[in-house]
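For reference, entry-v6.cif (mmCIF, C-alpha atoms):
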data_target
#
loop_
_atom_site.label_atom_id
_atom_site.label_comp_id
_atom_site.auth_asym_id
_atom_site.auth_seq_id
_atom_site.Cartn_x
_atom_site.Cartn_y
_atom_site.Cartn_z
CA MET Q 181 0.00 0.00 0.00
CA HIS Q 182 1.10 3.55 -0.65
CA PHE Q 183 -0.23 7.01 0.06
CA GLN Q 184 0.97 10.61 -0.15
CA VAL Q 185 0.00 13.79 1.68
CA THR Q 186 1.51 17.27 1.81
CA PRO Q 187 2.77 18.73 5.12
CA VAL Q 188 0.21 21.56 4.95
CA ALA Q 189 -2.63 19.09 4.39
CA LEU Q 190 -1.46 16.96 7.33
CA LEU Q 191 -1.14 19.96 9.66
CA ALA Q 192 -4.51 21.36 8.58
CA ALA Q 193 -6.02 17.92 9.19
CA SER Q 194 -4.52 17.90 12.70
CA LEU Q 195 -6.23 21.24 13.40
CA LEU Q 196 -9.46 19.81 11.99
CA PHE Q 197 -8.99 16.89 14.41
CA HIS Q 198 -8.88 19.45 17.24
CA GLN Q 199 -12.05 21.13 15.97
CA ILE Q 200 -13.95 17.85 15.54
CA ASN Q 201 -13.08 16.87 19.10
CA ARG Q 202 -14.36 20.18 20.45
CA TYR Q 203 -17.68 19.72 18.66
CA TRP Q 204 -17.79 16.11 19.85
CA GLU Q 205 -17.38 17.31 23.45
CA TYR Q 206 -19.47 20.49 23.46
CA GLY Q 207 -21.87 20.09 20.54
CA LEU Q 208 -22.69 22.58 17.80
CA SER Q 209 -24.67 25.08 19.86
CA GLY Q 210 -21.73 27.50 20.00
CA VAL Q 211 -21.14 27.66 16.25
CA GLY Q 212 -21.51 31.29 15.20
CA HIS Q 213 -20.85 32.72 18.65
CA HIS Q 214 -18.06 35.28 18.59
CA TYR Q 215 -18.50 37.35 21.77
CA ALA Q 216 -14.88 36.76 22.84
CA PRO Q 217 -12.79 37.09 19.64
CA ILE Q 218 -9.13 36.16 20.13
CA PHE Q 219 -7.83 39.03 18.01
CA ALA Q 220 -10.38 41.64 19.14
CA ILE Q 221 -12.25 41.69 15.80
CA ARG Q 222 -15.80 40.45 16.22
CA LEU Q 223 -17.01 38.80 13.02
CA PRO Q 224 -20.60 38.82 11.74
CA ARG Q 225 -22.44 35.60 12.56
CA MET Q 226 -22.23 34.15 9.03
CA ALA Q 227 -18.50 34.87 8.81
CA ALA Q 228 -17.99 33.27 12.23
CA ILE Q 229 -19.99 30.19 11.16
CA PHE Q 230 -17.87 29.85 8.01
CA GLY Q 231 -14.61 30.24 9.93
CA GLN Q 232 -15.59 27.85 12.70
CA SER Q 233 -17.12 25.09 10.58
CA ALA Q 234 -16.01 25.26 6.93
CA ALA Q 235 -12.56 26.91 6.87
CA LEU Q 236 -10.52 23.92 8.09
CA PRO Q 237 -12.16 21.26 5.89
CA LEU Q 238 -11.62 23.54 2.90
CA ALA Q 239 -8.00 24.09 3.96
CA VAL Q 240 -7.41 20.33 3.98
CA LEU Q 241 -9.16 19.91 0.61
CA THR Q 242 -7.25 22.71 -1.11
CA ALA Q 243 -3.92 21.52 0.33
CA LEU Q 244 -4.59 18.06 -1.11
CA THR Q 245 -5.78 19.17 -4.55
CA MET Q 246 -4.02 22.47 -5.35
CA HIS Q 247 -0.28 22.14 -5.88
CA SER Q 248 0.63 25.05 -8.15
CA PRO Q 249 2.81 27.85 -6.71
CA GLY Q 250 -0.01 30.37 -7.13
CA THR Q 251 -2.37 28.43 -4.87
CA ARG Q 252 -0.07 27.41 -2.00
CA PHE Q 253 -1.23 30.27 0.24
CA ILE Q 254 -4.93 29.39 -0.04
CA PRO Q 255 -4.85 26.76 2.76
CA PHE Q 256 -3.07 29.22 5.06
CA ALA Q 257 -5.65 31.92 4.28
CA LEU Q 258 -8.42 29.49 5.24
CA VAL Q 259 -6.62 28.54 8.47
CA ALA Q 260 -6.26 32.27 9.23
CA CYS Q 261 -10.05 32.61 8.78
CA TRP Q 262 -10.48 29.84 11.34
CA VAL Q 263 -8.16 31.56 13.81
CA LEU Q 264 -9.98 34.89 13.39
CA ALA Q 265 -13.29 33.12 14.06
CA THR Q 266 -11.98 31.32 17.16
CA ASN Q 267 -13.89 32.25 20.29
CA ARG Q 268 -12.70 32.58 23.91
CA ARG Q 269 -9.31 30.86 23.64
CA LEU Q 270 -6.65 29.89 21.13
CA SER Q 271 -4.92 26.80 22.47
CA ASN Q 272 -1.16 26.41 22.28
CA HIS Q 273 -1.39 23.49 19.85
CA SER Q 274 -3.80 25.42 17.61
CA TRP Q 275 -1.31 28.28 17.46
CA LEU Q 276 1.53 25.80 16.84
CA GLY Q 277 -0.30 24.28 13.88
CA THR Q 278 -1.16 27.70 12.48
CA VAL Q 279 2.42 28.97 12.77
CA ALA Q 280 3.71 25.75 11.16
CA ILE Q 281 1.33 26.10 8.19
CA ALA Q 282 2.32 29.75 7.76
CA ALA Q 283 6.05 28.95 7.89
CA ILE Q 284 5.80 25.97 5.50
CA SER Q 285 3.68 27.99 3.06
CA CYS Q 286 6.42 30.62 2.90
CA THR Q 287 9.40 28.28 2.45
CA SER Q 288 10.65 25.99 -0.28
CA PRO Q 289 10.02 22.21 0.00
CA ASP Q 290 13.62 21.42 0.98
CA LEU Q 291 13.17 23.53 4.13
CA HIS Q 292 9.89 22.00 5.34
CA ALA Q 293 11.64 19.39 7.48
CA VAL Q 294 13.89 22.08 8.94
CA VAL Q 295 10.88 24.23 9.82
CA ALA Q 296 9.20 21.30 11.59
CA HIS Q 297 12.43 20.42 13.42
CA ASP Q 298 13.00 23.97 14.68
CA LEU Q 299 9.38 24.42 15.74
CA LEU Q 300 9.44 21.19 17.74
CA ALA Q 301 12.75 21.99 19.43
CA GLY Q 302 11.60 25.52 20.27
CA VAL Q 303 8.23 24.43 21.66
CA TYR Q 304 9.63 21.69 23.92
CA LEU Q 305 12.47 23.83 25.23
CA THR Q 306 10.18 26.85 25.77
CA ALA Q 307 7.61 24.75 27.63
CA ALA Q 308 10.35 23.30 29.87
CA LEU Q 309 12.12 26.58 30.62
CA LEU Q 310 8.91 28.45 31.46
CA LYS Q 311 8.07 25.74 34.01
CA VAL Q 312 11.28 26.42 35.94
CA ASN Q 313 9.62 28.61 38.57
CA ASP Q 314 8.79 27.99 42.20
CA GLU Q 315 5.02 28.19 41.56
CA HIS Q 316 5.20 25.18 39.24
CA LEU Q 317 7.97 23.17 40.89
CA LEU Q 318 7.45 23.68 44.61
CA THR Q 319 3.87 24.64 45.48
CA GLU Q 320 0.58 22.80 45.90
CA ARG Q 321 -0.82 25.09 43.19
CA SER Q 322 1.51 23.59 40.56
CA ALA Q 323 -0.47 22.98 37.39
CA SER Q 324 1.32 19.64 36.90
CA ARG Q 325 0.36 18.50 40.39
CA VAL Q 326 -3.24 19.69 40.05
CA VAL Q 327 -3.76 18.06 36.63
CA THR Q 328 -2.11 14.80 37.72
CA ALA Q 329 -4.10 14.63 40.97
CA HIS Q 330 -7.32 15.32 39.06
CA TYR Q 331 -6.57 12.62 36.48
CA LEU Q 332 -5.58 10.00 39.08
CA GLY Q 333 -8.70 10.88 41.05
CA LEU Q 334 -10.87 10.25 37.98
CA LEU Q 335 -9.20 6.84 37.57
CA GLY Q 336 -9.77 6.10 41.25
CA TRP Q 337 -6.08 5.57 41.85
CA PRO Q 338 -4.48 6.57 45.19
CA LEU Q 339 -2.94 10.04 45.42
CA ARG Q 340 0.51 9.75 46.95
CA PRO Q 341 1.91 13.20 47.90
CA ARG Q 342 5.50 12.05 47.45
CA ILE Q 343 4.82 11.02 43.86
CA LEU Q 344 2.83 14.19 43.12
CA ARG Q 345 5.77 16.30 44.27
CA THR Q 346 8.01 14.66 41.66
CA VAL Q 347 5.61 15.18 38.74
CA PRO Q 348 6.55 18.84 37.95
CA PHE Q 349 10.25 17.95 37.85
CA THR Q 350 9.55 14.88 35.68
CA VAL Q 351 7.56 16.93 33.16
CA VAL Q 352 10.32 19.55 32.93
CA LEU Q 353 13.00 16.89 32.46
CA PHE Q 354 11.01 15.07 29.76
CA GLU Q 355 10.23 18.24 27.80
CA PHE Q 356 13.79 19.50 28.07
CA ALA Q 357 15.23 16.12 27.05
CA VAL Q 358 12.97 15.91 23.98
CA GLY Q 359 13.97 19.42 22.88
CA ALA Q 360 17.67 18.99 23.68
CA LEU Q 361 17.97 15.66 21.86
CA LEU Q 362 16.65 17.35 18.72
CA LEU Q 363 19.73 19.59 18.83
CA VAL Q 364 22.15 16.65 19.21
CA PRO Q 365 23.37 14.89 16.05
CA GLY Q 366 21.74 11.47 15.90
CA GLY Q 367 19.34 12.26 18.74
CA ASP Q 368 16.23 12.63 16.59
CA ARG Q 369 14.94 9.06 16.96
CA TRP Q 370 15.53 8.97 20.72
CA SER Q 371 13.74 12.29 20.97
CA LEU Q 372 10.80 10.89 19.00
CA TRP Q 373 10.43 7.89 21.32
CA LEU Q 374 10.42 10.16 24.39
CA ALA Q 375 7.91 12.46 22.68
CA ILE Q 376 5.59 9.56 21.84
CA LEU Q 377 5.54 8.41 25.48
CA MET Q 378 5.11 11.93 26.82
CA HIS Q 379 2.31 12.83 24.40
CA LEU Q 380 0.54 9.55 25.16
CA ALA Q 381 0.47 10.60 28.84
CA PHE Q 382 -0.78 14.05 27.84
CA GLY Q 383 -3.39 12.43 25.61
CA VAL Q 384 -4.99 9.97 28.01
CA SER Q 385 -5.21 12.74 30.62
CA GLY Q 386 -7.26 14.87 28.22
CA ASN Q 387 -5.15 16.49 25.51
CA PHE Q 388 -4.87 14.22 22.48
CA PRO Q 389 -5.43 17.19 20.10
CA PHE Q 390 -2.08 18.67 21.22
CA SER Q 391 -0.43 15.28 20.76
CA VAL Q 392 -1.82 14.86 17.23
CA VAL Q 393 -0.65 18.34 16.12
CA ALA Q 394 2.81 17.56 17.55
CA MET Q 395 2.91 14.19 15.74
CA ALA Q 396 1.98 15.93 12.47
CA LEU Q 397 5.14 18.02 12.90
CA TRP Q 398 7.23 14.93 13.71
CA VAL Q 399 5.98 13.24 10.52
CA THR Q 400 6.83 16.38 8.54
CA MET Q 401 10.29 16.53 10.11
CA PHE Q 402 11.19 13.05 8.88
CA SER Q 403 9.90 13.66 5.37
CA SER Q 404 12.57 14.50 2.80
CA SER Q 405 10.37 16.35 0.28
CA ASP Q 406 7.17 18.32 -0.08
CA ARG Q 407 5.29 15.00 -0.15
CA ILE Q 408 5.01 12.78 2.89
CA GLU Q 409 5.08 9.24 1.55
CA VAL Q 410 4.13 6.14 3.50
CA SER Q 411 4.54 2.91 1.55
CA GLY Q 412 4.77 -0.80 2.11
CA ASP Q 413 2.78 -2.85 4.60
CA LEU Q 414 0.55 -0.53 6.61
CA GLY Q 415 -0.28 -3.31 9.08
CA SER Q 416 2.01 -1.78 11.71
CA VAL Q 417 0.16 1.52 11.44
CA GLY Q 418 -3.18 -0.23 11.85
CA CYS Q 419 -1.91 -2.25 14.81
CA ALA Q 420 -0.59 0.89 16.48
CA ALA Q 421 -3.94 2.62 15.93
CA LEU Q 422 -5.80 -0.34 17.44
CA LEU Q 423 -3.43 -0.69 20.41
CA VAL Q 424 -3.31 3.00 21.37
CA GLY Q 425 -7.06 3.28 20.80
CA VAL Q 426 -7.59 0.52 23.39
CA VAL Q 427 -5.15 2.23 25.79
CA ALA Q 428 -7.09 5.48 25.41
CA LEU Q 429 -10.33 3.60 25.95
CA LEU Q 430 -9.04 2.10 29.19
CA LEU Q 431 -7.06 5.05 30.59
CA GLY Q 432 -8.61 8.12 28.96
CA ARG Q 433 -10.38 10.39 31.41
CA SER Q 434 -11.53 14.00 31.11
CA ALA Q 435 -14.73 14.00 33.18
CA ALA Q 436 -16.00 12.42 36.39
CA GLY Q 437 -18.39 9.51 36.48
CA PRO Q 438 -19.09 6.73 33.98
CA ARG Q 439 -18.44 7.64 30.36
CA SER Q 440 -21.28 7.49 27.88
CA GLY Q 441 -21.00 5.55 24.63
CA ARG Q 442 -20.34 8.83 22.82
CA TRP Q 443 -17.39 9.62 25.10
CA LEU Q 444 -16.00 6.09 24.86
CA ALA Q 445 -16.09 6.35 21.08
CA LYS Q 446 -14.35 9.73 21.24
CA ASP Q 447 -11.60 8.38 23.51
CA TYR Q 448 -10.99 5.45 21.18
CA TRP Q 449 -10.99 7.68 18.09
CA GLU Q 450 -8.48 10.08 19.63
CA GLY Q 451 -6.14 7.28 20.68
CA ALA Q 452 -6.38 5.51 17.34
CA VAL Q 453 -5.51 8.63 15.36
CA TYR Q 454 -2.58 9.39 17.67
CA GLY Q 455 -1.34 5.80 17.48
CA ALA Q 456 -1.43 5.83 13.68
CA MET Q 457 0.41 9.15 13.53
CA GLY Q 458 3.08 7.91 15.94
CA ALA Q 459 3.58 4.74 13.90
CA VAL Q 460 3.96 6.75 10.69
CA ALA Q 461 6.54 9.01 12.37
CA LEU Q 462 8.52 5.99 13.58
CA SER Q 463 8.35 4.40 10.13
CA LEU Q 464 9.69 7.53 8.45
CA SER Q 465 12.40 8.02 11.08
CA ARG Q 466 14.20 4.76 10.31
CA GLY Q 467 17.53 5.82 8.87
CA ALA Q 468 16.22 9.33 8.22
CA ALA Q 469 18.03 12.53 9.14
CA VAL Q 470 16.70 16.06 9.02
CA PRO Q 471 18.06 17.51 5.76
CA ALA Q 472 20.26 20.56 6.13
CA PRO Q 473 20.34 22.59 2.92
CA GLN Q 474 22.71 25.51 2.79
CA ARG Q 475 19.93 28.02 3.48
CA SER Q 476 18.85 26.22 6.66
CA GLN Q 477 21.29 28.22 8.82
CA LEU Q 478 19.27 31.40 8.28
CA THR Q 479 16.07 29.47 9.03
CA HIS Q 480 17.53 28.20 12.31
CA TRP Q 481 18.46 31.71 13.45
CA LEU Q 482 15.07 33.14 12.49
CA PHE Q 483 13.35 30.51 14.63
CA VAL Q 484 15.75 31.12 17.51
CA LEU Q 485 14.91 34.83 17.34
CA ALA Q 486 11.17 34.12 17.19
CA PHE Q 487 11.23 31.86 20.23
CA VAL Q 488 13.43 34.25 22.23
CA VAL Q 489 11.00 37.10 21.52
CA ASN Q 490 8.03 34.87 22.43
CA PHE Q 491 9.76 33.83 25.66
CA LEU Q 492 10.44 37.46 26.62
CA LEU Q 493 6.83 38.46 25.89
CA VAL Q 494 5.71 35.87 28.43
CA VAL Q 495 8.33 36.75 31.05
CA THR Q 496 7.55 40.47 30.85
CA GLY Q 497 3.81 39.86 31.11
CA VAL Q 498 2.88 41.09 27.65
CA LYS Q 499 1.09 37.82 26.91
CA LEU Q 500 0.35 34.44 28.39
CA GLU Q 501 -2.05 32.70 26.01
CA TRP Q 502 -0.92 31.02 22.73
CA SER Q 503 2.68 31.36 23.94
CA PHE Q 504 3.70 27.67 24.22
CA ALA Q 505 3.68 28.12 28.02
CA MET Q 506 1.75 24.88 28.52
CA PHE Q 507 0.62 24.32 32.13
CA THR Q 508 3.46 26.41 33.51
CA SER Q 509 1.55 27.78 36.55
CA LEU Q 510 2.21 31.29 35.24
CA ARG Q 511 -0.79 33.51 35.94
CA PRO Q 512 -1.88 36.96 34.74
CA PHE Q 513 -1.57 38.18 38.34
CA GLY Q 514 -0.97 36.72 41.77
CA ARG Q 515 1.75 34.82 43.57
CA SER Q 516 3.70 33.65 40.57
CA TRP Q 517 6.94 34.06 38.70
CA LEU Q 518 5.17 36.18 36.10
CA GLU Q 519 4.03 38.64 38.78
CA ARG Q 520 7.48 39.10 40.26
CA HIS Q 521 9.28 39.50 36.94
CA ARG Q 522 6.67 41.53 35.10
CA LEU Q 523 7.87 44.70 33.34
CA ALA Q 524 4.75 45.51 31.34
CA LYS Q 525 1.41 46.65 32.71
CA ARG Q 526 -0.79 43.77 33.68
CA PRO Q 527 -3.94 43.06 31.68
CA ARG Q 528 -7.07 44.82 32.90
CA TYR Q 529 -9.82 42.64 34.34
CA TYR Q 530 -13.39 43.53 35.23
CA ARG Q 531 -16.09 42.30 37.56
CA LEU Q 532 -19.38 41.83 35.74
CA THR Q 533 -22.80 41.78 37.40
CA LEU Q 534 -25.72 39.76 36.09
CA PRO Q 535 -28.56 42.10 35.10
CA ALA Q 536 -31.86 41.71 36.93
CA ARG Q 537 -33.45 40.90 33.58
CA VAL Q 538 -31.58 38.92 30.95
CA PRO Q 539 -33.26 39.24 27.53
CA LYS Q 540 -33.51 36.11 25.39
CA SER Q 541 -32.01 38.06 22.51
CA LEU Q 542 -28.83 38.53 24.57
CA LEU Q 543 -28.58 34.80 25.28
CA ARG Q 544 -28.86 34.08 21.56
CA GLU Q 545 -25.67 36.09 21.03
CA ILE Q 546 -23.78 34.94 24.14
CA ASP Q 547 -23.62 31.40 25.49
CA PRO Q 548 -25.73 31.27 28.70
CA VAL Q 549 -23.07 29.15 30.41
CA PHE Q 550 -20.47 31.81 29.63
CA VAL Q 551 -22.78 34.53 30.98
CA TYR Q 552 -23.07 32.50 34.18
CA LEU Q 553 -19.30 32.06 34.51
CA ALA Q 554 -18.51 35.67 33.61
CA THR Q 555 -20.86 37.05 36.28
CA ARG Q 556 -19.90 34.68 39.10
CA PRO Q 557 -18.61 36.68 42.11
CA GLU Q 558 -15.40 34.62 42.23
CA ASN Q 559 -14.45 35.39 38.61
CA VAL Q 560 -13.16 38.40 36.70
CA VAL Q 561 -13.26 38.96 32.94
CA HIS Q 562 -10.58 40.22 30.55
CA GLU Q 563 -11.38 43.69 29.25
CA GLY Q 564 -11.44 42.54 25.62
CA VAL Q 565 -14.27 40.15 26.47
CA ALA Q 566 -15.98 42.60 28.83
CA TYR Q 567 -16.06 45.15 26.01
CA HIS Q 568 -17.93 42.88 23.61
CA LEU Q 569 -20.27 41.53 26.31
CA GLU Q 570 -21.21 45.03 27.43
CA THR Q 571 -21.65 46.21 23.84
CA GLU Q 572 -24.07 43.38 23.17
CA ALA Q 573 -25.87 43.93 26.49
CA ARG Q 574 -26.49 47.60 25.74
CA LYS Q 575 -28.04 46.67 22.40
CA CYS Q 576 -30.59 44.77 24.50
CA HIS Q 577 -31.00 47.77 26.88
CA VAL Q 578 -29.31 46.11 29.86
CA SER Q 579 -25.80 46.30 31.35
CA PHE Q 580 -23.28 44.02 33.01
CA SER Q 581 -22.02 47.07 34.99
CA PRO Q 582 -18.31 46.38 34.35
CA THR Q 583 -16.13 47.40 37.29
CA LEU Q 584 -12.36 47.73 36.87
CA MET Q 585 -10.44 45.54 39.34
CA THR Q 586 -6.98 45.80 40.83
CA ASP Q 587 -5.00 43.49 43.09
CA ALA Q 588 -4.98 43.94 46.87
CA PRO Q 589 -2.04 41.98 48.34
CA ALA Q 590 -3.40 42.33 51.86
CA VAL Q 591 -6.53 40.30 51.06
CA ARG Q 592 -4.96 38.22 48.25
CA GLU Q 593 -7.63 39.00 45.65
CA LEU Q 594 -8.74 41.54 43.08
CA VAL Q 595 -10.88 44.40 44.40
CA PRO Q 596 -12.60 47.35 42.67
CA ASP Q 597 -10.06 49.96 41.58
CA ALA Q 598 -11.35 53.03 43.42
CA GLY Q 599 -8.35 55.12 42.38
CA ALA Q 600 -8.89 54.87 38.63
CA PRO Q 601 -10.31 58.03 36.95
CA PRO Q 602 -13.83 57.39 35.60
CA CYS Q 603 -12.69 58.10 32.04
CA HIS Q 604 -10.23 55.17 32.26
CA THR Q 605 -12.54 52.53 33.70
CA SER Q 606 -14.46 51.49 30.58
CA PRO Q 607 -13.31 48.21 28.95
CA ARG Q 608 -11.65 48.45 25.54
CA PRO Q 609 -11.38 45.94 22.68
CA ARG Q 610 -8.13 44.08 23.24
CA VAL Q 611 -6.42 40.96 21.91
CA LEU Q 612 -6.91 37.99 24.25
CA ALA Q 613 -3.25 37.51 25.07
CA HIS Q 614 -4.36 36.59 28.62
CA PRO Q 615 -7.21 34.36 29.87
CA ALA Q 616 -10.76 35.39 29.02
CA ILE Q 617 -11.94 34.54 32.55
CA ALA Q 618 -9.69 34.25 35.59
CA PRO Q 619 -10.27 33.67 39.32
CA LYS Q 620 -10.56 36.79 41.46
CA SER Q 621 -8.57 35.13 44.25
CA LEU Q 622 -4.81 35.33 43.81
CA ASP Q 623 -4.43 31.97 45.56
CA GLN Q 624 -6.95 29.96 43.56
CA HIS Q 625 -5.71 27.34 41.09
CA TYR Q 626 -5.36 28.66 37.58
CA LEU Q 627 -4.25 26.15 34.96
CA GLY Q 628 -2.50 28.52 32.59
#
Give the structure from the file, written as structure tokens.
Amino acid sequence: MHFQVTPVALLAASLLFHQINRYWEYGLSGVGHHYAPIFAIRLPRMAAIFGQSAALPLAVLTALTMHSPGTRFIPFALVACWVLATNRRLSNHSWLGTVAIAAISCTSPDLHAVVAHDLLAGVYLTAALLKVNDEHLLTERSASRVVTAHYLGLLGWPLRPRILRTVPFTVVLFEFAVGALLLVPGGDRWSLWLAILMHLAFGVSGNFPFSVVAMALWVTMFSSSDRIEVSGDLGSVGCAALLVGVVALLLGRSAAGPRSGRWLAKDYWEGAVYGAMGAVALSLSRGAAVPAPQRSQLTHWLFVLAFVVNFLLVVTGVKLEWSFAMFTSLRPFGRSWLERHRLAKRPRYYRLTLPARVPKSLLREIDPVFVYLATRPENVVHEGVAYHLETEARKCHVSFSPTLMTDAPAVRELVPDAGAPPCHTSPRPRVLAHPAIAPKSLDQHYLG
């Protein structure tokens, strides 16, 4: 058997995998909602529906069928439409896939493997280095500890504090080893094996979409041309899909209680796709080496510069979301490394109050569950989201009464900012470079 696929088609398909899983989990009721646009531009409903539902399938189709130089940017344009239509949050792996498609679309085929290699090395090393902070490594609020304890609790396994304390260090070591081995001659295959094990752990605990996007980059890295070719007996790929699908069926957990048939099918589907992708990557890696054309040196330095800038934007507090800072325990405010090393102004957050009367027309534009979360007394809302919510509320002749908040170290939470001039208290449209909703308490867990 033999099949071919382009890197852009594979990466776009991995993003489509992410989107399908979101609809599988949450249904289609949110299609067309765009009250919390990632890049501060609220799209009309029809444009949002197109971006959220049709853009990625069309990107995959065009990447598979259009191969002329004049059409190579069409898939990226469609992926960009999807990103613009994304609501509430742009996950790290979604941003990774988007950046990879953009970079591959702008480079010649002999550099595609180099692009994938540099992206993988940068992402793993960035994720490891940003976790080297006392909040993540040493406290009970560590995102790694919280996620692991939650997952083990769902499985019904005992929670041993001594083991939980080692998890943050283990995650950092694994991520750093995967990234570092990519920079060592001959370390690619060892790095892949570590990555497969690590992403399997990430997957069964609830994040197979990230693992699939990462595997799409690994497959691209071991491909020597602009066509990813898998030939010969595909039985090993099928066996890997079956085996990992069963593992995901047995160990996958993302919600409490017994899983419905729909959720069991989703867990198996996620594991099977990941297993197949991992098997393809291993097949291509046998005897393969990342090609190094003469122009690759410039590519390497451009990616180094990009990741250094991204790292500094996180450290200085300019952004936190879509920054490859996966589960680092960094928070937009509070007792964290980000707070102590911040140079930029922190993002502005607002307290919203549920109106006495909530018109049905407002709930057609904004998800009722989101309205509930945004107006809970323990939560605060990013000003970019507060702006669009309040704009929509005023169209319906009601108000969320947004109140600007500021931190009060004495009480360890955000309180109304009484010192702000009235002319500076209204929310403004802003890019969601920080969480859309965050806890008001500076000590509450925040998995960012």
Tell me, counting only C-alpha atoms, for each residue of segment 526-611 of chain Q within 10 Å of segment 498-514 of chain Q, which pair of atoms is nearest and how far apart they are in Å to one decimal, in rows ordered by chain and increasing number, as JSON lines.
{"residue": "Q:Arg526", "atom": "CA", "partner": "Q:Pro512", "partner_atom": "CA", "distance": 7.0}
{"residue": "Q:Pro527", "atom": "CA", "partner": "Q:Pro512", "partner_atom": "CA", "distance": 7.1}
{"residue": "Q:Arg528", "atom": "CA", "partner": "Q:Pro512", "partner_atom": "CA", "distance": 9.6}
{"residue": "Q:Tyr529", "atom": "CA", "partner": "Q:Pro512", "partner_atom": "CA", "distance": 9.8}
{"residue": "Q:Thr586", "atom": "CA", "partner": "Q:Phe513", "partner_atom": "CA", "distance": 9.7}
{"residue": "Q:Asp587", "atom": "CA", "partner": "Q:Phe513", "partner_atom": "CA", "distance": 7.9}
{"residue": "Q:Ala588", "atom": "CA", "partner": "Q:Gly514", "partner_atom": "CA", "distance": 9.7}
{"residue": "Q:Pro589", "atom": "CA", "partner": "Q:Gly514", "partner_atom": "CA", "distance": 8.5}
{"residue": "Q:Arg592", "atom": "CA", "partner": "Q:Gly514", "partner_atom": "CA", "distance": 7.8}
{"residue": "Q:Glu593", "atom": "CA", "partner": "Q:Gly514", "partner_atom": "CA", "distance": 8.0}
{"residue": "Q:Leu594", "atom": "CA", "partner": "Q:Phe513", "partner_atom": "CA", "distance": 9.2}
{"residue": "Q:Val611", "atom": "CA", "partner": "Q:Lys499", "partner_atom": "CA", "distance": 9.6}
With only C-alpha atoms as the atoms that count, which of Q:Ala235, Q:His198, Q:Asp290, Q:His562 lies nearest to Trp449 of chain Q?
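Selected residue with least distance to Trp449 of chain Q: Q:His198.
With only C-alpha atoms as the atoms that count, the residue of Q:Glu450, Q:Asp623, Q:Glu545, Q:Asp314 with the shortest distance to Gly386 of chain Q is Q:Glu450.
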So which one's closest to Leu622 of chain Q, Q:Val560, Q:Val295, Q:Val312, Q:Ala396? Using only C-alpha atoms, please.
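For Leu622 of chain Q, the nearest of the candidates is Q:Val560.
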Around the point (-8.0, 4.7, 37.3), in the coordinates given by the file, pick out the residues reaching within 12 Å, counting only C-alpha atoms, and return them as a ChimeraX atom specification.
/Q:328-339,384-385,428-434,436-438
With C-alpha atoms retained, export the selected residues as a PDB file, in the coordinates of the input.
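The resulting result-v3.pdb:
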ATOM      1  CA  THR Q 328      -2.110  14.800  37.720  1.00  0.00           C
ATOM      2  CA  ALA Q 329      -4.100  14.630  40.970  1.00  0.00           C
ATOM      3  CA  HIS Q 330      -7.320  15.320  39.060  1.00  0.00           C
ATOM      4  CA  TYR Q 331      -6.570  12.620  36.480  1.00  0.00           C
ATOM      5  CA  LEU Q 332      -5.580  10.000  39.080  1.00  0.00           C
ATOM      6  CA  GLY Q 333      -8.700  10.880  41.050  1.00  0.00           C
ATOM      7  CA  LEU Q 334     -10.870  10.250  37.980  1.00  0.00           C
ATOM      8  CA  LEU Q 335      -9.200   6.840  37.570  1.00  0.00           C
ATOM      9  CA  GLY Q 336      -9.770   6.100  41.250  1.00  0.00           C
ATOM     10  CA  TRP Q 337      -6.080   5.570  41.850  1.00  0.00           C
ATOM     11  CA  PRO Q 338      -4.480   6.570  45.190  1.00  0.00           C
ATOM     12  CA  LEU Q 339      -2.940  10.040  45.420  1.00  0.00           C
ATOM     13  CA  VAL Q 384      -4.990   9.970  28.010  1.00  0.00           C
ATOM     14  CA  SER Q 385      -5.210  12.740  30.620  1.00  0.00           C
ATOM     15  CA  ALA Q 428      -7.090   5.480  25.410  1.00  0.00           C
ATOM     16  CA  LEU Q 429     -10.330   3.600  25.950  1.00  0.00           C
ATOM     17  CA  LEU Q 430      -9.040   2.100  29.190  1.00  0.00           C
ATOM     18  CA  LEU Q 431      -7.060   5.050  30.590  1.00  0.00           C
ATOM     19  CA  GLY Q 432      -8.610   8.120  28.960  1.00  0.00           C
ATOM     20  CA  ARG Q 433     -10.380  10.390  31.410  1.00  0.00           C
ATOM     21  CA  SER Q 434     -11.530  14.000  31.110  1.00  0.00           C
ATOM     22  CA  ALA Q 436     -16.000  12.420  36.390  1.00  0.00           C
ATOM     23  CA  GLY Q 437     -18.390   9.510  36.480  1.00  0.00           C
ATOM     24  CA  PRO Q 438     -19.090   6.730  33.980  1.00  0.00           C
TER      25      PRO Q 438
END
Please evaluate the PyMOL selection byres ((chain Q and resi 311) around 12) against the displayed coordinates and give the resulting residues as a ChimeraX atom specification.
/Q:304-310,312-318,322-324,347-356,491,494-495,504-511,516-518,628
Please expand the PyMOL selection byres ((chain Q and resi 546) around 9) into the concrete residues it hits in this file, giving the result as a tab-separated table (two decimals) with C-alpha atoms, in the frame of the given file.
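Once everything was written out, this is part23.tsv:
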chain	number	residue	atom	x	y	z
Q	210	GLY	CA	-21.73	27.50	20.00
Q	213	HIS	CA	-20.85	32.72	18.65
Q	214	HIS	CA	-18.06	35.28	18.59
Q	215	TYR	CA	-18.50	37.35	21.77
Q	541	SER	CA	-32.01	38.06	22.51
Q	542	LEU	CA	-28.83	38.53	24.57
Q	543	LEU	CA	-28.58	34.80	25.28
Q	544	ARG	CA	-28.86	34.08	21.56
Q	545	GLU	CA	-25.67	36.09	21.03
Q	547	ASP	CA	-23.62	31.40	25.49
Q	548	PRO	CA	-25.73	31.27	28.70
Q	549	VAL	CA	-23.07	29.15	30.41
Q	550	PHE	CA	-20.47	31.81	29.63
Q	551	VAL	CA	-22.78	34.53	30.98
Q	569	LEU	CA	-20.27	41.53	26.31
Q	572	GLU	CA	-24.07	43.38	23.17
